[in-house]
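The structure file protein-v9.pdb is reproduced below (PDB, C-alpha atoms, pLDDT in the B column).
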```pdb
MODEL        1
ATOM      1  CA  MET A   1      -5.286  16.733  -7.073  1.00 47.00           C
ATOM      2  CA  SER A   2      -4.206  13.119  -7.255  1.00 50.00           C
ATOM      3  CA  MET A   3      -0.572  14.221  -7.530  1.00 62.00           C
ATOM      4  CA  ALA A   4      -0.716  15.507  -3.982  1.00 87.00           C
ATOM      5  CA  LEU A   5      -1.728  12.173  -2.506  1.00 92.00           C
ATOM      6  CA  PHE A   6       0.670  10.237  -4.697  1.00 94.00           C
ATOM      7  CA  THR A   7       3.770  12.270  -3.888  1.00 94.00           C
ATOM      8  CA  LYS A   8       2.974  12.937  -0.243  1.00 94.00           C
ATOM      9  CA  ARG A   9       2.333   9.292   0.446  1.00 96.00           C
ATOM     10  CA  LEU A  10       5.434   8.080  -1.327  1.00 97.00           C
ATOM     11  CA  ALA A  11       7.545  10.685   0.497  1.00 96.00           C
ATOM     12  CA  LYS A  12       6.187   9.377   3.807  1.00 95.00           C
ATOM     13  CA  GLU A  13       6.821   5.773   2.802  1.00 97.00           C
ATOM     14  CA  LEU A  14      10.359   6.591   1.741  1.00 97.00           C
ATOM     15  CA  SER A  15      11.294   8.299   4.985  1.00 96.00           C
ATOM     16  CA  ASP A  16       9.668   5.496   6.966  1.00 95.00           C
ATOM     17  CA  LEU A  17      11.675   2.876   5.023  1.00 96.00           C
ATOM     18  CA  LYS A  18      14.873   4.832   5.644  1.00 95.00           C
ATOM     19  CA  ILE A  19      14.285   5.430   9.343  1.00 95.00           C
ATOM     20  CA  ASN A  20      12.899   2.011  10.140  1.00 95.00           C
ATOM     21  CA  PRO A  21      13.960  -0.462   7.442  1.00 94.00           C
ATOM     22  CA  PRO A  22      12.494  -3.984   7.641  1.00 95.00           C
ATOM     23  CA  VAL A  23      15.051  -6.773   8.130  1.00 95.00           C
ATOM     24  CA  GLY A  24      16.475  -7.947   4.806  1.00 96.00           C
ATOM     25  CA  ILE A  25      14.927  -5.108   2.795  1.00 97.00           C
ATOM     26  CA  GLU A  26      16.965  -2.139   1.622  1.00 96.00           C
ATOM     27  CA  ILE A  27      16.367   0.769  -0.724  1.00 97.00           C
ATOM     28  CA  GLU A  28      18.744   0.596  -3.661  1.00 96.00           C
ATOM     29  CA  GLU A  29      17.387   3.515  -5.618  1.00 96.00           C
ATOM     30  CA  ALA A  30      14.489   5.889  -5.003  1.00 96.00           C
ATOM     31  CA  GLU A  31      15.392   9.108  -6.781  1.00 95.00           C
ATOM     32  CA  THR A  32      11.976   9.759  -8.271  1.00 95.00           C
ATOM     33  CA  PHE A  33       8.380   8.889  -7.541  1.00 95.00           C
ATOM     34  CA  LYS A  34       8.169   6.977 -10.829  1.00 96.00           C
ATOM     35  CA  SER A  35      10.104   3.902  -9.836  1.00 97.00           C
ATOM     36  CA  TRP A  36      12.089   2.530  -6.928  1.00 98.00           C
ATOM     37  CA  LYS A  37      14.445  -0.374  -6.665  1.00 98.00           C
ATOM     38  CA  LEU A  38      14.720  -2.351  -3.432  1.00 98.00           C
ATOM     39  CA  ASN A  39      17.032  -5.194  -2.497  1.00 97.00           C
ATOM     40  CA  LEU A  40      15.476  -8.219  -0.895  1.00 97.00           C
ATOM     41  CA  ASP A  41      17.680 -10.680   0.967  1.00 97.00           C
ATOM     42  CA  GLY A  42      16.711 -14.327   1.284  1.00 96.00           C
ATOM     43  CA  VAL A  43      15.963 -15.081   4.935  1.00 96.00           C
ATOM     44  CA  ASP A  44      18.357 -17.335   6.881  1.00 96.00           C
ATOM     45  CA  GLY A  45      17.079 -20.847   7.308  1.00 96.00           C
ATOM     46  CA  THR A  46      15.018 -20.727   4.086  1.00 97.00           C
ATOM     47  CA  LEU A  47      15.742 -21.985   0.576  1.00 97.00           C
ATOM     48  CA  TYR A  48      16.848 -18.471  -0.418  1.00 97.00           C
ATOM     49  CA  ALA A  49      19.311 -17.842   2.425  1.00 96.00           C
ATOM     50  CA  GLY A  50      22.375 -15.945   1.225  1.00 96.00           C
ATOM     51  CA  GLU A  51      20.749 -14.864  -2.041  1.00 97.00           C
ATOM     52  CA  ARG A  52      20.008 -11.244  -2.890  1.00 97.00           C
ATOM     53  CA  PHE A  53      17.248 -10.178  -5.248  1.00 98.00           C
ATOM     54  CA  ALA A  54      16.056  -6.815  -6.535  1.00 98.00           C
ATOM     55  CA  LEU A  55      12.458  -5.663  -6.825  1.00 98.00           C
ATOM     56  CA  GLU A  56      11.390  -2.817  -9.029  1.00 98.00           C
ATOM     57  CA  PHE A  57       8.291  -0.822  -8.068  1.00 98.00           C
ATOM     58  CA  ARG A  58       6.734   1.385 -10.741  1.00 98.00           C
ATOM     59  CA  PHE A  59       4.118   3.856  -9.550  1.00 97.00           C
ATOM     60  CA  SER A  60       1.354   5.563 -11.459  1.00 95.00           C
ATOM     61  CA  PRO A  61       0.054   8.955 -10.300  1.00 94.00           C
ATOM     62  CA  ASN A  62      -3.026   7.057  -9.120  1.00 95.00           C
ATOM     63  CA  TYR A  63      -0.999   5.327  -6.421  1.00 96.00           C
ATOM     64  CA  PRO A  64      -2.127   4.288  -3.801  1.00 96.00           C
ATOM     65  CA  MET A  65      -5.614   3.965  -5.305  1.00 96.00           C
ATOM     66  CA  GLU A  66      -4.000   1.775  -7.946  1.00 96.00           C
ATOM     67  CA  SER A  67      -1.427  -0.916  -7.207  1.00 97.00           C
ATOM     68  CA  PRO A  68       2.212  -0.358  -8.127  1.00 97.00           C
ATOM     69  CA  GLU A  69       3.709  -2.548 -10.846  1.00 98.00           C
ATOM     70  CA  VAL A  70       6.135  -4.845  -9.017  1.00 98.00           C
ATOM     71  CA  VAL A  71       8.644  -7.140 -10.734  1.00 98.00           C
ATOM     72  CA  PHE A  72      11.899  -8.846  -9.918  1.00 98.00           C
ATOM     73  CA  VAL A  73      14.818  -7.574 -11.985  1.00 97.00           C
ATOM     74  CA  GLY A  74      18.265  -9.086 -12.548  1.00 96.00           C
ATOM     75  CA  ASN A  75      18.648 -12.224 -10.475  1.00 94.00           C
ATOM     76  CA  ILE A  76      15.107 -13.695 -10.557  1.00 97.00           C
ATOM     77  CA  PRO A  77      14.290 -16.116  -7.694  1.00 97.00           C
ATOM     78  CA  ILE A  78      13.316 -19.620  -8.750  1.00 97.00           C
ATOM     79  CA  HIS A  79       9.914 -20.015  -7.144  1.00 97.00           C
ATOM     80  CA  PRO A  80       6.612 -21.632  -8.186  1.00 96.00           C
ATOM     81  CA  HIS A  81       4.889 -18.223  -8.259  1.00 96.00           C
ATOM     82  CA  ILE A  82       7.647 -16.184  -9.877  1.00 97.00           C
ATOM     83  CA  TYR A  83       8.103 -16.275 -13.633  1.00 97.00           C
ATOM     84  CA  SER A  84      11.565 -16.088 -15.146  1.00 97.00           C
ATOM     85  CA  ASN A  85      10.723 -12.663 -16.647  1.00 96.00           C
ATOM     86  CA  GLY A  86      10.348 -11.326 -13.092  1.00 97.00           C
ATOM     87  CA  HIS A  87       6.544 -11.285 -12.975  1.00 97.00           C
ATOM     88  CA  ILE A  88       5.104 -12.286  -9.607  1.00 97.00           C
ATOM     89  CA  CYS A  89       1.819 -14.124  -9.147  1.00 95.00           C
ATOM     90  CA  LEU A  90       0.594 -12.560  -5.905  1.00 95.00           C
ATOM     91  CA  ASN A  91      -3.019 -11.469  -5.499  1.00 93.00           C
ATOM     92  CA  VAL A  92      -2.331  -8.315  -3.453  1.00 95.00           C
ATOM     93  CA  LEU A  93      -0.453  -6.895  -6.442  1.00 96.00           C
ATOM     94  CA  TYR A  94      -3.517  -7.213  -8.641  1.00 94.00           C
ATOM     95  CA  ASN A  95      -7.151  -7.800  -7.739  1.00 91.00           C
ATOM     96  CA  GLN A  96      -6.605  -7.806  -3.970  1.00 94.00           C
ATOM     97  CA  TRP A  97      -4.667  -4.540  -3.852  1.00 96.00           C
ATOM     98  CA  SER A  98      -5.849  -2.046  -1.243  1.00 97.00           C
ATOM     99  CA  PRO A  99      -4.662   1.526  -0.644  1.00 97.00           C
ATOM    100  CA  VAL A 100      -3.705   0.620   2.930  1.00 97.00           C
ATOM    101  CA  LEU A 101      -0.983  -1.639   1.532  1.00 97.00           C
ATOM    102  CA  SER A 102       2.437  -0.097   0.932  1.00 97.00           C
ATOM    103  CA  VAL A 103       5.876  -0.701  -0.512  1.00 98.00           C
ATOM    104  CA  ARG A 104       6.858  -2.064   2.897  1.00 97.00           C
ATOM    105  CA  SER A 105       3.911  -4.455   3.183  1.00 97.00           C
ATOM    106  CA  ILE A 106       4.369  -5.682  -0.393  1.00 97.00           C
ATOM    107  CA  CYS A 107       8.088  -6.344   0.215  1.00 97.00           C
ATOM    108  CA  LEU A 108       7.198  -8.260   3.381  1.00 97.00           C
ATOM    109  CA  SER A 109       4.551 -10.309   1.535  1.00 96.00           C
ATOM    110  CA  ILE A 110       7.048 -11.220  -1.163  1.00 97.00           C
ATOM    111  CA  GLN A 111       9.724 -12.015   1.415  1.00 97.00           C
ATOM    112  CA  SER A 112       7.291 -14.294   3.218  1.00 96.00           C
ATOM    113  CA  MET A 113       6.240 -15.915  -0.064  1.00 96.00           C
ATOM    114  CA  LEU A 114       9.907 -16.785  -0.661  1.00 97.00           C
ATOM    115  CA  SER A 115      10.482 -17.919   2.913  1.00 97.00           C
ATOM    116  CA  SER A 116       7.571 -20.357   2.948  1.00 96.00           C
ATOM    117  CA  CYS A 117       8.666 -22.025  -0.296  1.00 96.00           C
ATOM    118  CA  THR A 118       9.480 -25.712   0.097  1.00 95.00           C
ATOM    119  CA  CYS A 119      10.600 -26.548  -3.440  1.00 95.00           C
ATOM    120  CA  LYS A 120      12.624 -24.242  -5.672  1.00 96.00           C
ATOM    121  CA  GLU A 121      11.053 -24.731  -9.048  1.00 96.00           C
ATOM    122  CA  PRO A 122       9.658 -22.388 -11.679  1.00 96.00           C
ATOM    123  CA  PRO A 123       5.906 -22.111 -12.324  1.00 95.00           C
ATOM    124  CA  PRO A 124       4.695 -25.079 -14.413  1.00 94.00           C
ATOM    125  CA  ASP A 125       3.542 -22.758 -17.224  1.00 93.00           C
ATOM    126  CA  ASN A 126       6.690 -20.602 -17.195  1.00 94.00           C
ATOM    127  CA  SER A 127       7.820 -21.105 -20.783  1.00 95.00           C
ATOM    128  CA  HIS A 128       4.356 -20.411 -22.179  1.00 94.00           C
ATOM    129  CA  TYR A 129       3.843 -17.395 -19.907  1.00 94.00           C
ATOM    130  CA  ILE A 130       7.088 -15.625 -20.730  1.00 93.00           C
ATOM    131  CA  ARG A 131       6.419 -16.032 -24.441  1.00 94.00           C
ATOM    132  CA  THR A 132       2.953 -14.508 -24.230  1.00 92.00           C
ATOM    133  CA  ALA A 133       3.049 -12.033 -21.318  1.00 91.00           C
ATOM    134  CA  ARG A 134       3.005  -8.282 -21.976  1.00 90.00           C
ATOM    135  CA  SER A 135       5.703  -6.184 -20.328  1.00 89.00           C
ATOM    136  CA  SER A 136       3.529  -5.192 -17.367  1.00 92.00           C
ATOM    137  CA  PRO A 137       2.340  -8.008 -15.098  1.00 94.00           C
ATOM    138  CA  LYS A 138      -0.747  -5.883 -14.419  1.00 92.00           C
ATOM    139  CA  LEU A 139      -1.913  -6.680 -17.953  1.00 91.00           C
ATOM    140  CA  THR A 140      -1.954 -10.415 -17.213  1.00 90.00           C
ATOM    141  CA  GLN A 141      -5.264 -12.056 -16.354  1.00 88.00           C
ATOM    142  CA  TRP A 142      -4.100 -13.797 -13.210  1.00 87.00           C
ATOM    143  CA  SER A 143      -5.982 -16.593 -11.548  1.00 83.00           C
ATOM    144  CA  PHE A 144      -5.158 -17.311  -7.939  1.00 78.00           C
ATOM    145  CA  HIS A 145      -5.706 -20.788  -6.679  1.00 68.00           C
ATOM    146  CA  ASP A 146      -2.922 -21.650  -4.277  1.00 63.00           C
ATOM    147  CA  ASP A 147      -2.478 -19.553  -1.151  1.00 55.00           C
ATOM    148  CA  SER A 148      -0.264 -22.075   0.594  1.00 54.00           C
ATOM    149  CA  VAL A 149       3.065 -21.489  -1.179  1.00 50.00           C
TER     150      VAL A 149
ATOM    151  CA  MET B   1     -10.591  42.698  46.499  1.00 87.00           C
ATOM    152  CA  LYS B   2     -13.781  42.678  44.536  1.00 91.00           C
ATOM    153  CA  VAL B   3     -13.690  41.710  40.904  1.00 93.00           C
ATOM    154  CA  LYS B   4     -16.396  42.544  38.476  1.00 93.00           C
ATOM    155  CA  ILE B   5     -16.415  40.595  35.241  1.00 93.00           C
ATOM    156  CA  LYS B   6     -17.307  42.905  32.424  1.00 94.00           C
ATOM    157  CA  SER B   7     -16.894  40.527  29.552  1.00 95.00           C
ATOM    158  CA  TRP B   8     -15.386  37.159  28.798  1.00 93.00           C
ATOM    159  CA  ASN B   9     -14.295  35.087  25.811  1.00 94.00           C
ATOM    160  CA  SER B  10     -14.432  31.327  25.718  1.00 94.00           C
ATOM    161  CA  VAL B  11     -12.042  29.080  23.849  1.00 93.00           C
ATOM    162  CA  ALA B  12     -12.755  25.453  23.065  1.00 90.00           C
ATOM    163  CA  ILE B  13     -11.036  22.729  21.103  1.00 85.00           C
ATOM    164  CA  TRP B  14     -12.437  19.563  19.683  1.00 83.00           C
ATOM    165  CA  LYS B  15     -10.853  16.404  18.344  1.00 82.00           C
ATOM    166  CA  TRP B  16     -12.081  13.391  16.502  1.00 84.00           C
ATOM    167  CA  ASP B  17     -12.893  10.518  18.808  1.00 83.00           C
ATOM    168  CA  VAL B  18     -10.068   8.278  17.583  1.00 83.00           C
ATOM    169  CA  PRO B  19      -6.943   7.036  19.383  1.00 76.00           C
ATOM    170  CA  ASN B  20      -4.135   9.595  19.494  1.00 69.00           C
ATOM    171  CA  GLU B  21      -1.484   9.562  16.809  1.00 71.00           C
ATOM    172  CA  GLU B  22      -3.440   7.279  14.560  1.00 89.00           C
ATOM    173  CA  VAL B  23      -3.194   7.932  10.870  1.00 93.00           C
ATOM    174  CA  CYS B  24      -5.571   7.380   7.991  1.00 95.00           C
ATOM    175  CA  GLY B  25      -4.452   4.134   6.350  1.00 95.00           C
ATOM    176  CA  ILE B  26      -4.930   5.582   2.885  1.00 96.00           C
ATOM    177  CA  CYS B  27      -3.015   8.887   3.004  1.00 95.00           C
ATOM    178  CA  ARG B  28      -0.968   8.153   6.179  1.00 94.00           C
ATOM    179  CA  VAL B  29      -1.818  11.582   7.602  1.00 93.00           C
ATOM    180  CA  ALA B  30      -3.082  11.858  11.192  1.00 91.00           C
ATOM    181  CA  PHE B  31      -6.848  11.820  11.603  1.00 92.00           C
ATOM    182  CA  ASP B  32      -6.512  15.214  13.256  1.00 88.00           C
ATOM    183  CA  GLY B  33      -4.866  16.457  10.085  1.00 89.00           C
ATOM    184  CA  CYS B  34      -6.601  16.441   6.746  1.00 90.00           C
ATOM    185  CA  CYS B  35      -6.476  14.436   3.551  1.00 92.00           C
ATOM    186  CA  SER B  36      -3.919  15.351   0.904  1.00 89.00           C
ATOM    187  CA  THR B  37      -6.330  17.547  -1.029  1.00 88.00           C
ATOM    188  CA  CYS B  38      -7.632  19.655   1.871  1.00 91.00           C
ATOM    189  CA  LYS B  39      -5.946  22.502   3.673  1.00 88.00           C
ATOM    190  CA  THR B  40      -7.867  22.706   6.936  1.00 86.00           C
ATOM    191  CA  PRO B  41      -8.695  19.814   9.235  1.00 85.00           C
ATOM    192  CA  GLY B  42     -12.040  19.509  10.953  1.00 83.00           C
ATOM    193  CA  ASP B  43     -15.500  19.848   9.471  1.00 85.00           C
ATOM    194  CA  ASP B  44     -14.126  20.537   6.001  1.00 89.00           C
ATOM    195  CA  CYS B  45     -12.284  17.238   5.964  1.00 93.00           C
ATOM    196  CA  PRO B  46     -14.347  14.882   8.099  1.00 93.00           C
ATOM    197  CA  LEU B  47     -13.730  11.280   9.043  1.00 94.00           C
ATOM    198  CA  ILE B  48     -15.968   8.429   8.026  1.00 95.00           C
ATOM    199  CA  TRP B  49     -16.604   5.248  10.023  1.00 95.00           C
ATOM    200  CA  GLY B  50     -17.723   1.964   8.568  1.00 96.00           C
ATOM    201  CA  GLU B  51     -19.968  -0.576  10.265  1.00 96.00           C
ATOM    202  CA  CYS B  52     -16.810  -2.710  10.281  1.00 94.00           C
ATOM    203  CA  SER B  53     -15.390  -0.044  12.681  1.00 92.00           C
ATOM    204  CA  HIS B  54     -12.622   1.042  10.295  1.00 95.00           C
ATOM    205  CA  VAL B  55     -12.148   4.776   9.903  1.00 95.00           C
ATOM    206  CA  PHE B  56     -10.608   6.990   7.197  1.00 95.00           C
ATOM    207  CA  HIS B  57     -10.617  10.588   6.034  1.00 95.00           C
ATOM    208  CA  MET B  58     -13.899  10.691   4.148  1.00 96.00           C
ATOM    209  CA  HIS B  59     -12.263  12.151   1.038  1.00 96.00           C
ATOM    210  CA  CYS B  60      -9.652   9.377   0.963  1.00 96.00           C
ATOM    211  CA  LEU B  61     -12.249   6.648   1.303  1.00 97.00           C
ATOM    212  CA  LEU B  62     -14.560   8.149  -1.327  1.00 97.00           C
ATOM    213  CA  ARG B  63     -11.690   8.318  -3.803  1.00 96.00           C
ATOM    214  CA  TRP B  64     -10.958   4.643  -3.194  1.00 97.00           C
ATOM    215  CA  LEU B  65     -14.620   3.638  -3.503  1.00 97.00           C
ATOM    216  CA  ALA B  66     -14.797   5.565  -6.792  1.00 96.00           C
ATOM    217  CA  THR B  67     -12.178   3.252  -8.327  1.00 95.00           C
ATOM    218  CA  GLU B  68     -13.249   0.116 -10.130  1.00 93.00           C
ATOM    219  CA  GLY B  69     -10.649  -1.911  -8.267  1.00 93.00           C
ATOM    220  CA  SER B  70     -12.243  -1.164  -4.898  1.00 96.00           C
ATOM    221  CA  ARG B  71     -15.390  -3.129  -5.773  1.00 96.00           C
ATOM    222  CA  GLY B  72     -17.035  -1.095  -3.014  1.00 97.00           C
ATOM    223  CA  GLN B  73     -14.946  -2.751  -0.328  1.00 97.00           C
ATOM    224  CA  CYS B  74     -13.353  -1.478   2.876  1.00 97.00           C
ATOM    225  CA  PRO B  75      -9.572  -1.122   2.326  1.00 97.00           C
ATOM    226  CA  MET B  76      -8.871  -2.860   5.639  1.00 96.00           C
ATOM    227  CA  ASP B  77     -11.012  -5.972   5.544  1.00 94.00           C
ATOM    228  CA  ARG B  78     -12.234  -6.055   1.927  1.00 94.00           C
ATOM    229  CA  LYS B  79     -15.822  -6.511   3.034  1.00 95.00           C
ATOM    230  CA  ALA B  80     -18.546  -4.405   1.410  1.00 97.00           C
ATOM    231  CA  TRP B  81     -18.233  -0.883   2.807  1.00 97.00           C
ATOM    232  CA  VAL B  82     -21.277   0.196   4.841  1.00 97.00           C
ATOM    233  CA  THR B  83     -21.052   3.629   6.447  1.00 96.00           C
ATOM    234  CA  ALA B  84     -21.903   3.518  10.141  1.00 94.00           C
ATOM    235  CA  LYS B  85     -24.935   5.587  11.139  1.00 85.00           C
TER     236      LYS B  85
ENDMDL
END
```

Here is the file; what I need is its structure written in the form of structure tokens.
Amino acid sequence: MSMALFTKRLAKELSDLKINPPVGIEIEEAETFKSWKLNLDGVDGTLYAGERFALEFRFSPNYPMESPEVVFVGNIPIHPHIYSNGHICLNVLYNQWSPVLSVRSICLSIQSMLSSCTCKEPPPDNSHYIRTARSSPKLTQWSFHDDSV
Amino acid sequence: MKVKIKSWNSVAIWKWDVPNEEVCGICRVAFDGCCSTCKTPGDDCPLIWGECSHVFHMHCLLRWLATEGSRGQCPMDRKAWVTAK
């Protein structure tokens, strides 16, 4: 039962991303409905201009009732809300997830989080976090206090 | 020419009162279609409106509200879901 929603919705999202890709966002790999890789280009005129990053989305069969697991892989952006293991501190990926959000809207949120950054520095607790975090960022007890960056 | 009507059949259609081509935000299927678990649109797969004015396939919304993560909130505005009367 849930499989139907999960696969039908991801198939729709995939064709929508292919037909009408957002600027600076490109599908690198989406062979299965288990995980997708998307390239995210830093926007011109921001601290990340000219840089290319990769996001990995991992879906459970409960998607979109449950958020996807989203991490940066490879070249990790230096950003106050992005840990050097690729985990992203962004409320819509965790307790503020809603089934009306999508791969597209999450990519755009992350792109805008990068674009509004004014100082390229890692999170203050980065070294502690990457030593203690489990592999999935969804297992972290996040606290969200700064919506401005 | 005189015509005498001996019998007649009527045909009617109905649609949900929502803007054309709008889709349910949860399953991304048109409101005139049905949720991913149903086969026939219409009374078997009704829509549900909230007091916040947001609308979904009822089955999609109920599945969301049944999750712990929903905390009983509308997927659009994250306010407590209250079904419109």

Handout entry: Selection under test: the PyMOL selection byres ((chain B) within 12 of (chain A)); residues as an NGL selection string
Key = :B and (23-29 or 34-39 or 54-56 or 59-79)

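Reported to one decimal place, the separation of atom CA of A:Lys37 from atom CA of A:Arg58 is 8.9 Å.
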
Exercise for the section: Please provide as a PyMOL selection string all residues within 10 Å of A:Glu26, with the sequence filter that same-chain residues fewer than 3 positions apart are discarded (counting all atoms listed in the file). Expected result: chain A and resi 17-18+21-23+29+37-41+54+107

Handout entry: Among the residues B:Lys85, B:Thr40, B:Lys2, B:Pro46, the one that comes closest to B:Trp16 [using all atoms listed in the file]
Key =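 Distance minimum relative to B:Trp16 lands on B:Pro46.
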
Practice task
Run the PyMOL selection byres ((chain A and resi 84) around 9) against the file shown and list the residues it catches, as number ranges by chain.
Solution key: A: 72, 76-78, 82-83, 85-87, 122-123, 126-127, 130

Practice task
Using only C-alpha atoms, find the one residue out of A:Val73, A:Val103, A:Met113, A:Leu14 that sits nearest to A:Cys89.
Solution key: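 The answer is A:Met113, which sits nearest to A:Cys89.
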
Exercise for the section: In Å, rounded to a single decimal, give me how far atom CA of A:Leu90 is from atom CA of A:Lys138. Expected result: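 About the pair atom CA of A:Lys138 and atom CA of A:Leu90: they are 10.9 Å apart.
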
Practice task
Quick one: pull the distance between atom CA of A:Lys120 and atom CA of A:Phe59, Å, one decimal.
Solution key: 29.6 Å

Fill in the blank from the handout: Nearest to B:Gly42, restricted to all atoms listed in the file and choosing among B:Ile13, B:Glu22, B:Val3, B:Trp8, comes out as B:Ile13
